[in-house]
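**Student:** Sharing input-v9.cif below, mmCIF, C-alpha atoms:
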data_model
loop_
_atom_site.label_atom_id
_atom_site.label_comp_id
_atom_site.auth_asym_id
_atom_site.auth_seq_id
_atom_site.Cartn_x
_atom_site.Cartn_y
_atom_site.Cartn_z
CA MET A 1 -29.77 -14.20 -52.54
CA SER A 2 -32.25 -16.38 -50.68
CA ARG A 3 -31.47 -17.52 -47.19
CA ASP A 4 -31.48 -21.17 -48.29
CA ALA A 5 -28.53 -20.51 -50.52
CA ILE A 6 -26.23 -19.44 -47.67
CA PRO A 7 -23.96 -22.34 -46.85
CA ILE A 8 -24.31 -23.03 -43.15
CA HIS A 9 -21.51 -24.70 -41.26
CA VAL A 10 -22.37 -25.81 -37.76
CA ILE A 11 -19.30 -25.02 -35.65
CA PRO A 12 -18.74 -27.59 -32.91
CA PRO A 13 -17.93 -26.14 -29.45
CA THR A 14 -14.28 -27.09 -29.82
CA SER A 15 -12.11 -27.58 -32.87
CA GLU A 16 -10.43 -30.88 -33.73
CA SER A 17 -7.07 -29.47 -32.71
CA ALA A 18 -8.48 -28.52 -29.31
CA LYS A 19 -9.90 -32.02 -28.89
CA ALA A 20 -6.47 -33.39 -29.57
CA GLY A 21 -5.31 -31.42 -26.51
CA GLY A 22 -7.67 -33.39 -24.28
CA LEU A 23 -10.61 -30.99 -24.44
CA SER A 24 -13.99 -32.69 -24.47
CA GLY A 25 -16.01 -29.71 -25.66
CA ASN A 26 -17.94 -29.65 -22.38
CA ALA A 27 -16.21 -26.59 -20.94
CA PRO A 28 -17.37 -23.75 -23.25
CA PRO A 29 -21.10 -24.29 -22.45
CA LEU A 30 -20.19 -23.79 -18.79
CA LEU A 31 -19.13 -20.20 -19.54
CA ARG A 32 -22.63 -19.61 -20.93
CA GLU A 33 -24.16 -21.16 -17.84
CA LEU A 34 -21.97 -18.93 -15.64
CA SER A 35 -23.16 -15.84 -17.46
CA GLU A 36 -26.78 -16.91 -16.77
CA LEU A 37 -25.98 -17.52 -13.10
CA LEU A 38 -24.28 -14.10 -12.82
CA ARG A 39 -27.42 -12.51 -14.31
CA LYS A 40 -29.50 -14.34 -11.71
CA LEU A 41 -27.15 -13.15 -8.92
CA LEU A 42 -27.48 -9.55 -10.07
CA SER A 43 -31.24 -9.64 -10.55
CA THR A 44 -32.30 -11.71 -7.50
CA GLY A 45 -29.25 -11.86 -5.21
CA GLU A 46 -29.43 -15.65 -5.39
CA SER A 47 -26.11 -17.53 -5.24
CA SER A 48 -25.37 -20.71 -7.23
CA ALA A 49 -22.66 -23.32 -7.48
CA ILE A 50 -21.54 -25.66 -10.25
CA ASP A 51 -20.10 -28.93 -8.99
CA LEU A 52 -17.24 -29.53 -11.44
CA SER A 53 -16.63 -33.01 -10.03
CA ALA A 54 -20.12 -34.05 -11.15
CA LEU A 55 -19.51 -33.08 -14.80
CA PRO A 56 -17.71 -35.00 -17.57
CA LEU A 57 -14.71 -32.65 -17.66
CA THR A 58 -11.16 -33.65 -18.48
CA PRO A 59 -8.16 -32.12 -16.71
CA ALA A 60 -7.58 -30.14 -19.93
CA ASP A 61 -11.17 -28.83 -19.75
CA LEU A 62 -10.58 -27.64 -16.19
CA ASP A 63 -7.32 -25.95 -17.19
CA TRP A 64 -9.03 -24.27 -20.13
CA LEU A 65 -11.90 -23.07 -17.94
CA ARG A 66 -9.60 -21.79 -15.24
CA GLU A 67 -7.43 -19.98 -17.74
CA LYS A 68 -10.45 -18.38 -19.42
CA LEU A 69 -11.88 -17.22 -16.10
CA GLY A 70 -8.52 -15.78 -15.05
CA GLU A 71 -7.32 -14.65 -11.64
CA GLY A 72 -9.00 -12.06 -9.46
CA GLU A 73 -7.77 -9.98 -6.54
CA ILE A 74 -9.04 -12.12 -3.67
CA ALA A 75 -7.70 -15.50 -2.52
CA VAL A 76 -9.07 -17.29 0.53
CA THR A 77 -7.64 -20.32 2.29
CA LEU A 78 -9.66 -22.26 4.82
CA GLN A 79 -8.04 -24.87 7.06
CA ALA A 80 -10.57 -27.48 8.17
CA ASN A 81 -9.74 -31.19 7.78
CA GLY A 82 -7.51 -30.27 4.84
CA GLU A 83 -7.13 -27.01 2.96
CA SER A 84 -9.82 -25.38 0.87
CA THR A 85 -9.03 -22.51 -1.46
CA LEU A 86 -11.63 -20.04 -2.70
CA ASN A 87 -10.15 -17.86 -5.41
CA GLU A 88 -11.97 -15.01 -7.02
CA THR A 89 -11.64 -15.20 -10.79
CA ALA A 90 -11.14 -12.23 -13.12
CA CYS A 91 -14.98 -12.16 -13.22
CA PRO A 92 -15.92 -10.78 -9.80
CA GLY A 93 -18.76 -12.85 -8.36
CA VAL A 94 -17.29 -16.05 -9.87
CA TRP A 95 -15.12 -18.02 -7.43
CA TRP A 96 -13.05 -21.15 -8.10
CA VAL A 97 -13.33 -23.40 -5.07
CA THR A 98 -11.07 -26.42 -4.45
CA HIS A 99 -11.39 -28.69 -1.44
CA ARG A 100 -8.47 -30.88 -0.39
CA ASN A 101 -8.27 -33.60 2.25
CA GLU A 102 -5.59 -33.92 4.91
CA GLN A 103 -3.38 -35.76 2.40
CA ASP A 104 -3.65 -32.69 0.12
CA SER A 105 -5.61 -34.56 -2.57
CA VAL A 106 -8.35 -32.64 -4.33
CA THR A 107 -11.70 -34.01 -3.12
CA ALA A 108 -14.05 -31.57 -4.85
CA GLN A 109 -14.06 -28.56 -7.14
CA PHE A 110 -16.84 -26.02 -7.53
CA ILE A 111 -17.44 -22.74 -9.27
CA ASP A 112 -19.41 -20.54 -6.88
CA VAL A 113 -21.42 -17.64 -8.26
CA THR A 114 -21.93 -15.35 -5.31
CA PHE A 115 -20.91 -12.00 -3.84
CA VAL A 116 -19.05 -13.88 -1.10
CA PRO A 117 -18.83 -17.66 -0.58
CA GLU A 118 -20.76 -18.90 2.47
CA LEU A 119 -17.64 -20.71 3.72
CA VAL A 120 -15.85 -17.39 4.28
CA LYS A 121 -18.55 -16.12 6.63
CA ALA A 122 -18.24 -16.69 10.37
CA HIS A 123 -21.28 -18.62 11.62
CA ARG A 124 -23.37 -17.12 14.39
CA GLN A 125 -22.82 -20.13 16.64
CA ASP A 126 -19.04 -19.91 16.19
CA VAL A 127 -19.12 -16.19 17.00
CA GLU A 128 -21.00 -17.00 20.23
CA THR A 129 -18.29 -19.55 21.11
CA GLY A 130 -15.64 -16.95 20.20
CA LEU A 131 -17.19 -14.47 22.60
CA GLU A 132 -17.03 -17.04 25.41
CA TYR A 133 -13.35 -17.66 24.58
CA LEU A 134 -12.65 -13.93 24.65
CA GLU A 135 -14.37 -13.55 28.03
CA LEU A 136 -12.27 -16.38 29.39
CA LEU A 137 -9.16 -14.54 28.14
CA ILE A 138 -10.31 -11.34 29.84
CA SER A 139 -11.06 -13.06 33.14
CA ASP A 140 -7.49 -14.43 33.11
CA LEU A 141 -5.88 -11.00 32.69
CA MET B 1 -14.28 1.01 59.59
CA SER B 2 -14.98 4.11 57.52
CA ARG B 3 -14.50 3.97 53.79
CA ASP B 4 -11.77 6.62 54.01
CA ALA B 5 -9.66 4.23 56.05
CA ILE B 6 -9.51 1.52 53.37
CA PRO B 7 -6.16 1.74 51.66
CA ILE B 8 -6.86 1.89 47.92
CA HIS B 9 -4.24 0.71 45.48
CA VAL B 10 -5.02 1.48 41.87
CA ILE B 11 -3.84 -1.53 39.89
CA PRO B 12 -2.41 -0.52 36.53
CA PRO B 13 -3.57 -2.59 33.54
CA THR B 14 -0.15 -4.22 33.18
CA SER B 15 2.52 -5.18 35.68
CA GLU B 16 5.96 -3.56 35.82
CA SER B 17 7.53 -6.68 34.36
CA ALA B 18 5.15 -6.52 31.40
CA LYS B 19 6.02 -2.86 30.90
CA ALA B 20 9.65 -3.84 30.78
CA GLY B 21 8.77 -5.99 27.75
CA GLY B 22 7.55 -2.93 25.85
CA LEU B 23 3.86 -3.25 26.76
CA SER B 24 2.10 0.06 27.34
CA GLY B 25 -0.93 -1.34 29.15
CA ASN B 26 -3.20 -0.16 26.34
CA ALA B 27 -3.78 -3.59 24.80
CA PRO B 28 -5.82 -5.44 27.49
CA PRO B 29 -8.70 -2.90 27.45
CA LEU B 30 -9.00 -3.58 23.71
CA LEU B 31 -9.98 -7.19 24.48
CA ARG B 32 -12.84 -5.84 26.61
CA GLU B 33 -13.85 -3.50 23.80
CA LEU B 34 -13.79 -6.43 21.35
CA SER B 35 -16.08 -8.46 23.58
CA GLU B 36 -18.55 -5.52 23.61
CA LEU B 37 -18.32 -5.23 19.82
CA LEU B 38 -18.92 -8.98 19.41
CA ARG B 39 -22.02 -8.67 21.64
CA LYS B 40 -23.23 -5.83 19.43
CA LEU B 41 -22.58 -7.93 16.29
CA LEU B 42 -24.61 -10.81 17.72
CA SER B 43 -27.48 -8.67 18.98
CA THR B 44 -27.84 -6.17 16.12
CA GLY B 45 -25.79 -7.60 13.22
CA GLU B 46 -23.80 -4.36 13.17
CA SER B 47 -20.11 -4.65 12.18
CA SER B 48 -17.34 -2.55 13.75
CA ALA B 49 -13.64 -1.90 13.24
CA ILE B 50 -10.86 -0.76 15.55
CA ASP B 51 -8.15 1.25 13.79
CA LEU B 52 -5.00 0.01 15.53
CA SER B 53 -2.87 2.65 13.79
CA ALA B 54 -4.88 5.37 15.56
CA LEU B 55 -4.15 4.00 19.06
CA PRO B 56 -1.02 4.43 21.22
CA LEU B 57 0.08 0.80 20.85
CA THR B 58 3.68 -0.40 20.86
CA PRO B 59 4.87 -3.25 18.60
CA ALA B 60 4.91 -5.39 21.78
CA ASP B 61 1.25 -4.46 22.43
CA LEU B 62 0.34 -5.56 18.90
CA ASP B 63 2.23 -8.84 19.31
CA TRP B 64 0.53 -9.46 22.67
CA LEU B 65 -2.90 -8.74 21.20
CA ARG B 66 -2.33 -10.90 18.16
CA GLU B 67 -1.07 -13.77 20.28
CA LYS B 68 -4.03 -13.52 22.67
CA LEU B 69 -6.53 -13.48 19.78
CA GLY B 70 -4.85 -16.49 18.16
CA GLU B 71 -5.23 -17.87 14.65
CA GLY B 72 -8.48 -18.95 13.03
CA GLU B 73 -9.28 -21.15 10.06
CA ILE B 74 -9.70 -18.50 7.39
CA ALA B 75 -7.01 -16.36 5.75
CA VAL B 76 -7.75 -13.93 2.95
CA THR B 77 -5.29 -12.09 0.73
CA LEU B 78 -6.38 -9.20 -1.43
CA GLN B 79 -4.10 -7.79 -4.14
CA ALA B 80 -4.91 -4.15 -4.86
CA ASN B 81 -2.12 -1.56 -4.90
CA GLY B 82 -0.21 -3.74 -2.44
CA GLU B 83 -1.31 -6.78 -0.47
CA SER B 84 -3.93 -6.79 2.24
CA THR B 85 -4.39 -9.75 4.55
CA LEU B 86 -7.59 -10.44 6.45
CA ASN B 87 -7.04 -13.23 8.93
CA GLU B 88 -9.75 -14.69 11.08
CA THR B 89 -8.57 -14.96 14.69
CA ALA B 90 -9.32 -17.84 17.05
CA CYS B 91 -12.42 -15.77 17.97
CA PRO B 92 -14.68 -16.17 14.92
CA GLY B 93 -16.12 -12.79 13.99
CA VAL B 94 -12.84 -11.06 14.93
CA TRP B 95 -10.52 -10.48 11.95
CA TRP B 96 -6.98 -9.08 11.96
CA VAL B 97 -6.60 -6.86 8.91
CA THR B 98 -3.25 -5.58 7.62
CA HIS B 99 -2.87 -3.31 4.60
CA ARG B 100 0.47 -3.05 2.82
CA ASN B 101 1.58 -0.73 0.04
CA GLU B 102 3.36 -1.77 -3.14
CA GLN B 103 6.69 -1.64 -1.27
CA ASP B 104 5.25 -4.20 1.20
CA SER B 105 5.28 -1.72 4.11
CA VAL B 106 2.37 -1.90 6.54
CA THR B 107 0.19 1.16 5.97
CA ALA B 108 -2.69 0.34 8.32
CA GLN B 109 -3.89 -2.31 10.73
CA PHE B 110 -7.45 -2.89 11.87
CA ILE B 111 -9.38 -5.38 13.92
CA ASP B 112 -12.70 -5.96 12.17
CA VAL B 113 -15.62 -7.34 14.12
CA THR B 114 -17.94 -8.78 11.51
CA PHE B 115 -19.27 -12.03 10.08
CA VAL B 116 -17.32 -11.33 6.89
CA PRO B 117 -15.15 -8.28 6.09
CA GLU B 118 -16.67 -6.00 3.46
CA LEU B 119 -13.42 -6.14 1.45
CA VAL B 120 -13.95 -9.84 0.74
CA LYS B 121 -17.32 -9.25 -0.89
CA ALA B 122 -17.54 -8.68 -4.64
CA HIS B 123 -19.18 -5.33 -5.33
CA ARG B 124 -22.28 -5.22 -7.49
CA GLN B 125 -20.66 -2.88 -9.99
CA ASP B 126 -17.64 -5.19 -10.34
CA VAL B 127 -19.94 -8.17 -10.89
CA GLU B 128 -21.67 -6.24 -13.67
CA THR B 129 -18.26 -5.57 -15.26
CA GLY B 130 -17.37 -9.27 -14.76
CA LEU B 131 -20.51 -10.29 -16.63
CA GLU B 132 -19.54 -8.06 -19.56
CA TYR B 133 -16.06 -9.64 -19.56
CA LEU B 134 -17.59 -13.12 -19.56
CA GLU B 135 -19.89 -12.25 -22.45
CA LEU B 136 -16.91 -10.98 -24.40
CA LEU B 137 -15.17 -14.30 -23.73
CA ILE B 138 -18.23 -16.20 -24.94
CA SER B 139 -18.57 -14.13 -28.10
CA ASP B 140 -14.93 -14.99 -28.90
CA LEU B 141 -15.47 -18.76 -28.64
#
Would you mind giving the structure from this file in structure tokens?
**Tutor:**
Amino acid sequence: MSRDAIPIHVIPPTSESAKAGGLSGNAPPLLRELSELLRKLLSTGESSAIDLSALPLTPADLDWLREKLGEGEIAVTLQANGESTLNETACPGVWWVTHRNEQDSVTAQFIDVTFVPELVKAHRQDVETGLEYLELLISDL
Amino acid sequence: MSRDAIPIHVIPPTSESAKAGGLSGNAPPLLRELSELLRKLLSTGESSAIDLSALPLTPADLDWLREKLGEGEIAVTLQANGESTLNETACPGVWWVTHRNEQDSVTAQFIDVTFVPELVKAHRQDVETGLEYLELLISDL
């Protein structure tokens, strides 16, 4: 049988039934992008982030993506002018990051591809301030 | 006046009234040790940990220490054979770490002096496994 004779059906990223559920079809390609970014992390150590707010994703897309990525073992909350959560997904190295304002509204969502998100690290300058605070504590003993 | 004539009173680390509250006097020197460890972190980048379970500290000592160190902006929970919590204190770079078993009993407590606790970082091998998982997801789309 020649190759030309094989009937080829181009499968769209999402089925019609999925579209009916509010899926735009823009989420599945993100999984492919994440796998590329994970490869880059492993080969070069370079971290990346996908700004979900900047993409044409529906709430259903976000739910689908989050469900596919699953839940990991590590959950981080950061309190700074509203709460941010940085949750490891079931793919270690892939973190779901949500920033909220003081009224608890979501202001931004990212997927970080990194061994550990920068936001979780103490900054050198803050550690220096912390040391001063500790010395003040000690001098008051 | 000769040195021998100076009456020397050795001041214990904690007052009698503090002792009455269950304090052993072993907690305040830990603050001094932490300030040394923070200096080392800043000058060499080297992380340290104090195993609180290995020291003669009373529950009141632990409460005193925790209150003195205060609460920071970052709280991490890690689910792995029981819950571990890694809470930044009000001194950035100083983390209060509590490990619990599956019955929710505290099994160990540490103070970590580090920019970010090792436990929060995704391990290379886990990221490699995560990438395989993601590729499986993609092949199922």
**Student:** Chain B superposed on chain A over all ordered C-alpha pairs, least squares: can you write that as a compact mmCIF listing (two decimals) with C-alpha atoms, in the frame of the given file?
**Tutor:**
# COMPACT_ATOMS: atom_id res chain seq x y z
CA MET B 1 -32.80 -19.04 -52.91
CA SER B 2 -34.84 -21.35 -50.71
CA ARG B 3 -33.74 -21.96 -47.16
CA ASP B 4 -33.23 -25.66 -47.92
CA ALA B 5 -30.50 -24.75 -50.39
CA ILE B 6 -28.30 -22.98 -47.83
CA PRO B 7 -25.51 -25.33 -46.85
CA ILE B 8 -25.50 -25.48 -43.05
CA HIS B 9 -22.32 -26.36 -41.23
CA VAL B 10 -22.76 -26.94 -37.52
CA ILE B 11 -19.69 -25.46 -35.87
CA PRO B 12 -18.59 -27.50 -32.87
CA PRO B 13 -17.74 -25.51 -29.73
CA THR B 14 -14.02 -26.26 -30.11
CA SER B 15 -11.80 -26.77 -33.13
CA GLU B 16 -10.11 -30.07 -33.97
CA SER B 17 -6.76 -28.67 -32.90
CA ALA B 18 -8.19 -27.74 -29.51
CA LYS B 19 -9.62 -31.24 -29.16
CA ALA B 20 -6.18 -32.60 -29.82
CA GLY B 21 -5.05 -30.72 -26.69
CA GLY B 22 -7.50 -32.68 -24.55
CA LEU B 23 -10.35 -30.14 -24.66
CA SER B 24 -13.81 -31.69 -24.83
CA GLY B 25 -15.66 -28.58 -25.98
CA ASN B 26 -17.65 -28.52 -22.74
CA ALA B 27 -15.78 -25.61 -21.15
CA PRO B 28 -16.73 -22.62 -23.37
CA PRO B 29 -20.50 -22.96 -22.70
CA LEU B 30 -19.67 -22.68 -18.99
CA LEU B 31 -18.41 -19.12 -19.58
CA ARG B 32 -21.82 -18.27 -21.04
CA GLU B 33 -23.53 -19.88 -18.06
CA LEU B 34 -21.30 -17.86 -15.71
CA SER B 35 -22.26 -14.63 -17.43
CA GLU B 36 -25.95 -15.52 -16.91
CA LEU B 37 -25.29 -16.34 -13.25
CA LEU B 38 -23.44 -13.03 -12.76
CA ARG B 39 -26.43 -11.19 -14.29
CA LYS B 40 -28.70 -13.01 -11.84
CA LEU B 41 -26.38 -12.08 -8.93
CA LEU B 42 -26.49 -8.42 -9.94
CA SER B 43 -30.24 -8.30 -10.54
CA THR B 44 -31.52 -10.42 -7.65
CA GLY B 45 -28.55 -10.82 -5.26
CA GLU B 46 -28.93 -14.59 -5.59
CA SER B 47 -25.70 -16.64 -5.40
CA SER B 48 -25.07 -19.77 -7.49
CA ALA B 49 -22.48 -22.52 -7.76
CA ILE B 50 -21.39 -24.80 -10.59
CA ASP B 51 -20.18 -28.21 -9.42
CA LEU B 52 -17.27 -28.86 -11.79
CA SER B 53 -16.89 -32.43 -10.51
CA ALA B 54 -20.40 -33.22 -11.79
CA LEU B 55 -19.62 -32.14 -15.38
CA PRO B 56 -17.80 -34.07 -18.14
CA LEU B 57 -14.71 -31.86 -18.05
CA THR B 58 -11.17 -33.01 -18.83
CA PRO B 59 -8.14 -31.70 -16.90
CA ALA B 60 -7.38 -29.63 -20.04
CA ASP B 61 -10.91 -28.15 -19.90
CA LEU B 62 -10.35 -27.15 -16.27
CA ASP B 63 -6.98 -25.59 -17.10
CA TRP B 64 -8.52 -23.70 -20.03
CA LEU B 65 -11.38 -22.43 -17.87
CA ARG B 66 -9.11 -21.39 -15.04
CA GLU B 67 -6.77 -19.59 -17.41
CA LYS B 68 -9.65 -17.77 -19.12
CA LEU B 69 -11.12 -16.67 -15.77
CA GLY B 70 -7.73 -15.44 -14.57
CA GLU B 71 -6.58 -14.52 -11.08
CA GLY B 72 -8.19 -11.93 -8.82
CA GLU B 73 -6.98 -10.05 -5.77
CA ILE B 74 -8.43 -12.24 -3.05
CA ALA B 75 -7.33 -15.72 -1.99
CA VAL B 76 -8.88 -17.56 0.93
CA THR B 77 -7.67 -20.74 2.61
CA LEU B 78 -9.88 -22.67 4.98
CA GLN B 79 -8.47 -25.45 7.17
CA ALA B 80 -11.16 -27.98 8.08
CA ASN B 81 -10.52 -31.69 7.56
CA GLY B 82 -8.15 -30.78 4.73
CA GLU B 83 -7.53 -27.47 3.00
CA SER B 84 -10.05 -25.61 0.90
CA THR B 85 -9.04 -22.70 -1.29
CA LEU B 86 -11.45 -20.04 -2.48
CA ASN B 87 -9.78 -17.84 -5.05
CA GLU B 88 -11.40 -14.83 -6.60
CA THR B 89 -10.95 -14.88 -10.38
CA ALA B 90 -10.22 -11.86 -12.56
CA CYS B 91 -14.04 -11.58 -12.79
CA PRO B 92 -15.03 -10.29 -9.34
CA GLY B 93 -18.02 -12.26 -8.09
CA VAL B 94 -16.66 -15.46 -9.68
CA TRP B 95 -14.68 -17.64 -7.25
CA TRP B 96 -12.75 -20.84 -7.98
CA VAL B 97 -13.25 -23.20 -5.06
CA THR B 98 -11.18 -26.34 -4.49
CA HIS B 99 -11.72 -28.74 -1.59
CA ARG B 100 -8.95 -31.12 -0.55
CA ASN B 101 -8.99 -33.95 1.96
CA GLU B 102 -6.42 -34.54 4.69
CA GLN B 103 -4.22 -36.38 2.16
CA ASP B 104 -4.25 -33.20 0.02
CA SER B 105 -6.22 -34.86 -2.80
CA VAL B 106 -8.80 -32.72 -4.57
CA THR B 107 -12.24 -33.96 -3.52
CA ALA B 108 -14.41 -31.33 -5.22
CA GLN B 109 -14.18 -28.22 -7.36
CA PHE B 110 -16.81 -25.53 -7.73
CA ILE B 111 -17.19 -22.16 -9.36
CA ASP B 112 -19.13 -19.95 -6.96
CA VAL B 113 -20.92 -16.90 -8.27
CA THR B 114 -21.42 -14.69 -5.24
CA PHE B 115 -20.26 -11.48 -3.60
CA VAL B 116 -18.60 -13.56 -0.88
CA PRO B 117 -18.59 -17.37 -0.52
CA GLU B 118 -20.69 -18.61 2.39
CA LEU B 119 -17.71 -20.64 3.67
CA VAL B 120 -15.79 -17.45 4.44
CA LYS B 121 -18.49 -16.13 6.75
CA ALA B 122 -18.35 -16.90 10.46
CA HIS B 123 -21.52 -18.70 11.52
CA ARG B 124 -23.63 -17.22 14.28
CA GLN B 125 -23.33 -20.34 16.41
CA ASP B 126 -19.53 -20.30 16.10
CA VAL B 127 -19.44 -16.63 17.08
CA GLU B 128 -21.47 -17.48 20.19
CA THR B 129 -18.93 -20.21 21.03
CA GLY B 130 -16.10 -17.71 20.32
CA LEU B 131 -17.62 -15.27 22.79
CA GLU B 132 -17.68 -17.97 25.48
CA TYR B 133 -14.02 -18.75 24.73
CA LEU B 134 -13.13 -15.07 25.01
CA GLU B 135 -14.94 -14.75 28.33
CA LEU B 136 -13.04 -17.75 29.63
CA LEU B 137 -9.80 -16.03 28.57
CA ILE B 138 -10.85 -12.86 30.38
CA SER B 139 -11.80 -14.68 33.56
CA ASP B 140 -8.30 -16.23 33.57
CA LEU B 141 -6.51 -12.86 33.39
**Student:** Could you list, as a PDB file with C-alpha atoms, in the frame of the given file, every residue of chain B that has an atom within 6 Å of an atom of chain A, counting all atoms listed in the file?
**Tutor:**
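Saved the output as part_39.pdb:
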ATOM      1  CA  GLU B  73      -9.280 -21.150  10.060  1.00  0.00           C
ATOM      2  CA  ILE B  74      -9.700 -18.500   7.390  1.00  0.00           C
ATOM      3  CA  ALA B  75      -7.010 -16.360   5.750  1.00  0.00           C
ATOM      4  CA  VAL B  76      -7.750 -13.930   2.950  1.00  0.00           C
ATOM      5  CA  THR B  77      -5.290 -12.090   0.730  1.00  0.00           C
ATOM      6  CA  LEU B  78      -6.380  -9.200  -1.430  1.00  0.00           C
ATOM      7  CA  GLN B  79      -4.100  -7.790  -4.140  1.00  0.00           C
ATOM      8  CA  CYS B  91     -12.420 -15.770  17.970  1.00  0.00           C
ATOM      9  CA  PRO B  92     -14.680 -16.170  14.920  1.00  0.00           C
ATOM     10  CA  GLY B  93     -16.120 -12.790  13.990  1.00  0.00           C
ATOM     11  CA  PHE B 115     -19.270 -12.030  10.080  1.00  0.00           C
ATOM     12  CA  VAL B 116     -17.320 -11.330   6.890  1.00  0.00           C
ATOM     13  CA  LYS B 121     -17.320  -9.250  -0.890  1.00  0.00           C
ATOM     14  CA  ALA B 122     -17.540  -8.680  -4.640  1.00  0.00           C
ATOM     15  CA  ASP B 126     -17.640  -5.190 -10.340  1.00  0.00           C
ATOM     16  CA  VAL B 127     -19.940  -8.170 -10.890  1.00  0.00           C
ATOM     17  CA  GLY B 130     -17.370  -9.270 -14.760  1.00  0.00           C
TER      18      GLY B 130
END
**Student:** Can you tell me how far CA of Arg100 (chain B) sits from CA of Leu55 (chain B), in Å to one decimal?
**Tutor:**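 Interatomic distance, CA of Arg100 (chain B) to CA of Leu55 (chain B): 18.3 Å.
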**Student:** Around (-7.0, -2.2, 9.3) in the file's own coordinates, what residues are found within 9 Å if you use all atoms listed in the file, given back as a ChimeraX atom specification?
**Tutor:** /B:49-53,84,86,96-99,107-112
**Student:** Excluding region 21-23 of chain B and residues on its chain fewer than 5 positions from it, collect all residues at most 7 Å away from it, counting all atoms listed in the file, and give them as a list in words.
**Tutor:**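 Answer for this query is Thr58, Ala60 and Asp61 of chain B.
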**Student:** Could you jot down the CA of Ser47 (chain A) to CA of Glu33 (chain A) separation for me, Å, one decimal place?
**Tutor:**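 CA of Glu33 (chain A) lies 13.3 Å from CA of Ser47 (chain A).
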**Student:** Please compute the CA of Asn101 (chain A)-CA of Leu65 (chain A) distance, one decimal, in Å.
**Tutor:**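 Rounded to one decimal, the two atoms are 23.1 Å apart.
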